[in-house]
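The next block is my_file-v4.cif, given as mmCIF, C-alpha atoms.
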data_data
loop_
_atom_site.label_atom_id
_atom_site.label_comp_id
_atom_site.auth_asym_id
_atom_site.auth_seq_id
_atom_site.Cartn_x
_atom_site.Cartn_y
_atom_site.Cartn_z
CA GLN A 1 120.30 -79.60 -23.72
CA HIS A 2 119.39 -78.08 -20.36
CA GLU A 3 117.16 -75.48 -22.08
CA ALA A 4 115.50 -78.16 -24.21
CA THR A 5 114.78 -80.25 -21.11
CA LYS A 6 113.41 -77.20 -19.32
CA ALA A 7 111.15 -76.34 -22.28
CA GLU A 8 109.82 -79.90 -22.47
CA SER A 9 109.17 -79.87 -18.73
CA GLU A 10 107.20 -76.64 -19.14
CA LYS A 11 105.07 -78.20 -21.89
CA GLU A 12 104.32 -81.22 -19.70
CA ARG A 13 103.30 -78.94 -16.85
CA MET A 14 100.95 -77.02 -19.15
CA ARG A 15 99.41 -80.27 -20.41
CA ALA A 16 98.81 -81.39 -16.83
CA ASN A 17 97.26 -78.02 -15.95
CA LEU A 18 94.96 -78.17 -18.96
CA LEU A 19 93.82 -81.66 -18.03
CA ARG A 20 92.94 -80.46 -14.53
CA ALA A 21 91.14 -77.45 -16.01
CA VAL A 22 89.13 -79.74 -18.30
CA SER A 23 88.16 -81.99 -15.39
CA HIS A 24 87.03 -79.01 -13.35
CA ASP A 25 85.14 -77.13 -16.06
CA LEU A 26 83.34 -80.18 -17.45
CA ARG A 27 82.19 -81.66 -14.15
CA THR A 28 79.16 -79.40 -13.62
CA PRO A 29 77.47 -79.81 -17.05
CA LEU A 30 78.22 -83.55 -17.04
CA THR A 31 76.58 -83.90 -13.64
CA THR A 32 73.55 -81.92 -14.86
CA ILE A 33 73.22 -84.04 -18.01
CA TYR A 34 73.46 -87.24 -15.99
CA GLY A 35 70.87 -86.04 -13.48
CA SER A 36 68.45 -84.88 -16.16
CA SER A 37 68.72 -88.07 -18.21
CA THR A 38 68.20 -90.15 -15.07
CA THR A 39 65.07 -88.15 -14.28
CA LEU A 40 63.71 -88.82 -17.76
CA LEU A 41 64.37 -92.57 -17.49
CA GLU A 42 63.00 -93.02 -13.99
CA ASN A 43 60.04 -90.61 -14.07
CA ASN A 44 59.05 -90.42 -17.72
CA ASP A 45 55.50 -91.63 -17.09
CA THR A 46 54.78 -88.98 -14.47
CA LEU A 47 56.35 -86.02 -16.29
CA THR A 48 54.23 -83.62 -18.31
CA ASN A 49 55.18 -82.90 -21.90
CA GLU A 50 56.26 -79.39 -20.86
CA GLN A 51 58.55 -80.82 -18.16
CA ARG A 52 60.09 -83.28 -20.62
CA VAL A 53 60.77 -80.54 -23.17
CA LYS A 54 62.38 -78.37 -20.48
CA ILE A 55 64.66 -81.20 -19.33
CA ILE A 56 65.64 -82.18 -22.89
CA THR A 57 66.32 -78.53 -23.75
CA GLY A 58 68.63 -78.29 -20.73
CA ILE A 59 70.48 -81.44 -21.82
CA LYS A 60 70.93 -80.01 -25.31
CA GLU A 61 72.23 -76.67 -24.02
CA ASP A 62 74.72 -78.33 -21.67
CA SER A 63 75.83 -80.69 -24.44
CA ASP A 64 76.40 -77.76 -26.81
CA TRP A 65 78.42 -76.01 -24.11
CA LEU A 66 80.53 -79.14 -23.55
CA VAL A 67 81.31 -79.47 -27.26
CA ARG A 68 82.37 -75.81 -27.49
CA MET A 69 84.46 -76.05 -24.32
CA VAL A 70 86.36 -79.13 -25.53
CA GLU A 71 86.97 -77.51 -28.92
CA ASN A 72 88.18 -74.33 -27.23
CA LEU A 73 90.57 -76.12 -24.90
CA LEU A 74 91.99 -78.08 -27.82
CA SER A 75 92.42 -74.78 -29.66
CA VAL A 76 94.30 -73.32 -26.69
CA THR A 77 96.81 -76.17 -26.75
CA LYS A 78 97.37 -75.50 -30.46
CA ILE A 79 97.71 -71.75 -29.78
CA ASP A 80 100.42 -72.46 -27.21
CA SER A 81 102.34 -74.58 -29.70
CA GLY A 82 101.92 -71.98 -32.48
CA GLN A 83 99.97 -74.38 -34.69
CA VAL A 84 96.86 -72.26 -35.13
CA LYS A 85 95.70 -68.66 -35.00
CA ILE A 86 92.34 -67.60 -33.64
CA ILE A 87 89.67 -66.20 -35.95
CA LYS A 88 88.31 -62.87 -34.75
CA THR A 89 84.77 -61.81 -35.58
CA PRO A 90 83.14 -58.44 -34.69
CA THR A 91 81.28 -58.91 -31.40
CA VAL A 92 78.95 -56.45 -29.67
CA LEU A 93 80.19 -55.99 -26.10
CA GLU A 94 76.72 -55.97 -24.51
CA GLU A 95 75.81 -59.26 -26.21
CA LEU A 96 79.08 -60.80 -25.02
CA ILE A 97 78.42 -59.81 -21.40
CA ASP A 98 74.79 -61.02 -21.58
CA SER A 99 76.03 -64.43 -22.76
CA VAL A 100 78.70 -64.53 -20.03
CA MET A 101 76.20 -63.74 -17.27
CA LEU A 102 73.66 -66.27 -18.57
CA LYS A 103 76.25 -69.04 -18.28
CA PHE A 104 77.67 -67.78 -14.97
CA LYS A 105 74.23 -67.50 -13.35
CA LYS A 106 73.46 -71.12 -14.26
CA ARG A 107 76.46 -72.18 -12.22
CA TYR A 108 76.22 -69.60 -9.42
CA PRO A 109 72.58 -68.41 -9.28
CA SER A 110 72.97 -66.74 -5.87
CA GLN A 111 76.13 -64.77 -6.68
CA LYS A 112 75.45 -61.14 -7.60
CA VAL A 113 77.70 -59.44 -10.14
CA LYS A 114 77.65 -55.68 -10.62
CA ILE A 115 77.95 -54.87 -14.34
CA GLU A 116 79.40 -51.55 -15.53
CA LEU A 117 79.49 -50.98 -19.30
CA PRO A 118 79.94 -47.96 -21.60
CA ASN A 119 76.73 -46.25 -22.71
CA ASP A 120 77.80 -46.31 -26.36
CA MET A 121 77.83 -49.44 -28.51
CA VAL A 122 81.24 -51.13 -28.48
CA ILE A 123 82.26 -53.69 -31.11
CA ILE A 124 85.33 -55.83 -30.49
CA PRO A 125 86.96 -58.25 -32.94
CA MET A 126 87.47 -61.47 -30.97
CA ASP A 127 86.87 -65.17 -30.65
CA ALA A 128 83.79 -64.59 -28.50
CA ILE A 129 83.55 -68.09 -27.02
CA LEU A 130 87.18 -68.00 -25.87
CA ILE A 131 86.83 -64.53 -24.34
CA GLU A 132 83.63 -65.69 -22.60
CA GLN A 133 85.69 -68.53 -21.16
CA VAL A 134 88.26 -66.06 -19.82
CA ILE A 135 85.69 -63.84 -18.09
CA ILE A 136 83.71 -66.75 -16.61
CA ASN A 137 86.93 -68.36 -15.38
CA ILE A 138 87.98 -65.20 -13.52
CA LEU A 139 84.51 -64.64 -12.05
CA GLU A 140 84.44 -68.25 -10.91
CA ASN A 141 87.92 -67.92 -9.43
CA ALA A 142 86.67 -65.04 -7.29
CA VAL A 143 83.65 -67.00 -6.06
CA GLN A 144 85.81 -69.95 -5.08
CA HIS A 145 88.87 -68.24 -3.62
CA ALA A 146 88.12 -64.61 -2.65
CA LYS A 147 87.41 -65.36 1.01
CA GLY A 148 85.23 -62.70 2.65
CA MET A 149 84.06 -61.25 -0.68
CA THR A 150 80.89 -59.15 -0.53
CA THR A 151 81.08 -57.41 -3.93
CA LEU A 152 82.01 -58.72 -7.38
CA ILE A 153 82.24 -56.23 -10.24
CA LEU A 154 82.61 -56.74 -14.00
CA ARG A 155 83.55 -53.43 -15.57
CA VAL A 156 84.40 -52.57 -19.18
CA SER A 157 85.59 -49.10 -20.16
CA THR A 158 86.99 -47.70 -23.38
CA ILE A 159 90.01 -45.51 -24.09
CA ASP A 160 90.67 -44.54 -27.70
CA ASN A 161 90.44 -47.81 -29.66
CA ARG A 162 90.80 -50.12 -26.67
CA ALA A 163 88.33 -51.86 -24.37
CA ILE A 164 89.61 -52.42 -20.83
CA PHE A 165 88.03 -55.39 -19.03
CA GLU A 166 88.23 -55.45 -15.22
CA ILE A 167 86.94 -58.13 -12.85
CA LYS A 168 87.19 -56.83 -9.30
CA ASP A 169 86.39 -58.33 -5.89
CA ASP A 170 86.77 -57.14 -2.29
CA GLY A 171 87.90 -60.48 -0.85
CA CYS A 172 91.06 -61.63 0.89
CA GLY A 173 93.46 -60.77 -1.94
CA ILE A 174 96.33 -62.87 -3.30
CA ASN A 175 99.57 -63.63 -1.51
CA PRO A 176 102.03 -61.14 -3.14
CA LYS A 177 104.64 -63.86 -3.69
CA TYR A 178 102.29 -65.54 -6.17
CA LEU A 179 101.39 -62.50 -8.29
CA ASP A 180 104.36 -62.88 -10.65
CA THR A 181 103.55 -66.53 -11.41
CA LEU A 182 99.76 -66.31 -11.16
CA PHE A 183 99.18 -67.06 -14.85
CA THR A 184 101.75 -69.84 -15.17
CA GLY A 185 99.78 -72.46 -13.24
CA TYR A 186 102.07 -72.37 -10.21
CA TYR A 187 99.49 -70.67 -7.98
CA THR A 188 98.51 -73.81 -6.06
CA SER A 189 99.39 -74.12 -2.40
CA GLU A 190 97.72 -76.00 0.41
CA ASN A 191 98.88 -73.34 2.89
CA ASP A 192 98.23 -70.13 0.96
CA VAL A 193 95.08 -70.69 -1.10
CA ALA A 194 92.02 -69.36 0.72
CA ASP A 195 89.96 -72.46 0.00
CA SER A 196 92.73 -75.06 0.17
CA HIS A 197 90.62 -78.12 -0.62
CA LYS A 198 90.11 -76.74 -4.13
CA LYS A 199 93.42 -77.68 -5.71
CA ASN A 200 92.62 -76.08 -9.05
CA ALA A 201 93.37 -72.53 -7.85
CA GLY A 202 94.92 -70.55 -10.67
CA ILE A 203 95.09 -73.50 -13.06
CA GLY A 204 92.45 -71.99 -15.33
CA LEU A 205 94.32 -68.67 -15.25
CA SER A 206 97.13 -70.09 -17.38
CA VAL A 207 94.50 -70.96 -19.99
CA CYS A 208 93.13 -67.39 -19.74
CA SER A 209 96.61 -65.99 -20.32
CA SER A 210 97.05 -68.12 -23.45
CA ILE A 211 93.72 -66.93 -24.86
CA ILE A 212 94.44 -63.23 -24.23
CA LYS A 213 97.96 -63.60 -25.61
CA ALA A 214 96.50 -65.12 -28.79
CA HIS A 215 94.36 -61.97 -29.09
CA GLY A 216 97.52 -59.86 -29.07
CA SER A 217 97.27 -58.64 -25.49
CA THR A 218 98.20 -59.53 -21.92
CA ILE A 219 96.31 -60.14 -18.69
CA ASN A 220 97.42 -59.13 -15.20
CA ALA A 221 96.20 -59.07 -11.63
CA GLU A 222 96.96 -56.81 -8.70
CA ASN A 223 95.88 -56.52 -5.10
CA ILE A 224 93.73 -53.52 -4.18
CA ASN A 225 94.85 -51.36 -1.25
CA THR A 226 91.38 -51.47 0.30
CA GLY A 227 91.19 -55.25 -0.08
CA GLY A 228 90.55 -57.68 -2.89
CA VAL A 229 91.96 -58.22 -6.37
CA VAL A 230 91.41 -56.75 -9.82
CA PHE A 231 92.09 -58.78 -12.97
CA ARG A 232 92.60 -56.66 -16.09
CA PHE A 233 93.05 -57.18 -19.82
CA GLU A 234 92.56 -55.05 -22.95
CA LEU A 235 91.25 -55.77 -26.44
CA ASP A 236 91.27 -53.59 -29.54
CA THR A 237 87.87 -52.23 -30.55
CA GLU A 238 86.42 -51.72 -34.00
CA GLU A 239 85.59 -48.24 -35.25
CA ILE A 240 81.83 -47.81 -35.62
CA SER A 241 80.51 -45.94 -38.61
CA HIS A 242 77.76 -43.47 -37.77
CA ASP A 243 76.68 -43.03 -41.40
CA THR A 244 73.04 -43.74 -42.09
CA GLU A 245 71.53 -44.93 -45.33
#
Output the structure of this file as structure tokens.
Amino acid sequence: QHEATKAESEKERMRANLLRAVSHDLRTPLTTIYGSSTTLLENNDTLTNEQRVKIITGIKEDSDWLVRMVENLLSVTKIDSGQVKIIKTPTVLEELIDSVMLKFKKRYPSQKVKIELPNDMVIIPMDAILIEQVIINILENAVQHAKGMTTLILRVSTIDNRAIFEIKDDGCGINPKYLDTLFTGYYTSENDVADSHKKNAGIGLSVCSSIIKAHGSTINAENINTGGVVFRFELDTEEISHDTE
């Protein structure tokens, strides 16, 4: 009975964490959609056709992103309960990273990210939208909580049939006592989080862990001796045929 109560308590904690993650991740596009629609209503007569098309296109893109995000978060809750398995499709690594950076730059246009990718084409079977969510979440976590950060690196390397993803910063690092529970949602402390008014620290990381676990792998983080943190996860790659017709 004690174990059953503990398990149910864990599920409730995860639900609460997911709700906070939803609130955080949806706020920016919702604000943009509201602002753009208000502009259309209040200034329609003074806007050029080109300006109207640009605003409407932005609303559509943010709306599409919202729909995908909600569907993905619902999928994660089903993954955690074992009700559904993800569907992997072959994804070109370079296209994945381009899509990640396009979305990230919309949210943080002034934040530079150094990209390091293999020279050869890499194809990875994955749920691309979910993996995008993982990478963006970790990049965003660095921007918000890596106090003193001057460099943010997104590196992907390959060993045999594996792709190793690393997101590395040179900020303040993570309190060592939180490293073991970083991906459980417990990494939230008014005293120890660098930017303590942001109470969502680490909440999205539990979602990241669920997504990577569903892909048959694990995600981890470690402090760097010279300062900062590196987040790391691996995915299996697909063998590329070099035959030509």
For stretch 60-64 of chain A, work out the shell of residues within 8 Å, counting all atoms listed in the file and skipping chain neighbours fewer than 4 positions away, then give it as JSON, numbers by chain. {"A": [29, 30, 32, 33, 56, 68]}
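Atom CA of A:Lys88 is positioned 16.5 Å from atom CA of A:Thr218.
Compared by their closest atoms to A:Glu94, and using all atoms listed in the file, the residues A:Ala7, A:Val156, A:Leu130, A:Pro125 rank with A:Val156 nearest.
Picked by the PyMOL selection byres ((chain A and resi 97-108) around 9) from the coordinates shown: Thr28, Val92, Leu93, Glu94, Glu95, Leu96, Pro109, Ser110, Gln111, Lys112, Val113, Ile115, Glu132, Gln133, Ile135, Ile136, Leu139, Glu140 and Val143 of chain A.
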With all atoms listed in the file as the atoms that count, which of A:Glu50, A:Asn223, A:Val207, A:Asp25 lies nearest to A:Ile131? A:Val207
Just how far from atom CA of A:Ala221 is atom CA of A:Glu239, in Å to one decimal? 28.1 Å
Convert the output of the PyMOL selection byres ((chain A and resi 170) around 7) on the shown file into explicit residues, formatted as an mmCIF file with C-alpha atoms, in the coordinates of the input.
data_model
loop_
_atom_site.group_PDB
_atom_site.id
_atom_site.type_symbol
_atom_site.label_atom_id
_atom_site.label_comp_id
_atom_site.auth_asym_id
_atom_site.auth_seq_id
_atom_site.Cartn_x
_atom_site.Cartn_y
_atom_site.Cartn_z
ATOM 1 C CA MET A 149 84.060 -61.250 -0.680
ATOM 2 C CA THR A 150 80.890 -59.150 -0.530
ATOM 3 C CA THR A 151 81.080 -57.410 -3.930
ATOM 4 C CA ASP A 169 86.390 -58.330 -5.890
ATOM 5 C CA GLY A 171 87.900 -60.480 -0.850
ATOM 6 C CA CYS A 172 91.060 -61.630 0.890
ATOM 7 C CA GLY A 227 91.190 -55.250 -0.080
ATOM 8 C CA GLY A 228 90.550 -57.680 -2.890
ATOM 9 C CA VAL A 229 91.960 -58.220 -6.370
#
Mind giving me the straight-line distance from atom CA of A:Thr57 to atom CA of A:Asn43 in Å, one decimal?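 Calculated distance between atom CA of A:Thr57 and atom CA of A:Asn43 is 16.7 Å.
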Which residue of A:Asn220, A:Val230, A:Lys54, A:Thr89 approaches A:Ala142 most closely, using all atoms listed in the file: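 Ranked by minimum distance to A:Ala142, first place goes to A:Val230.
The nearest approach to A:Ile138 among the residues A:Met121, A:Ile86, A:Cys208, A:Val67, with all atoms listed in the file taken into account, belongs to A:Cys208.
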To box stretch 32-50 of chain A, take all atoms listed in the file, fit an axis-aligned box, add 8 Å on each side, and give centre and edge lengths in Å to one decimal, as AutoDock Vina command-line options.
--center_x 63.9 --center_y -86.2 --center_z -17.7 --size_x 35.3 --size_y 29.6 --size_z 24.4
Could you spell out the hits of the PyMOL selection byres ((chain A and resi 118) around 9) on the shown file, as a VMD selection string? chain A and resid 116 to 117 119 to 122 155 to 158
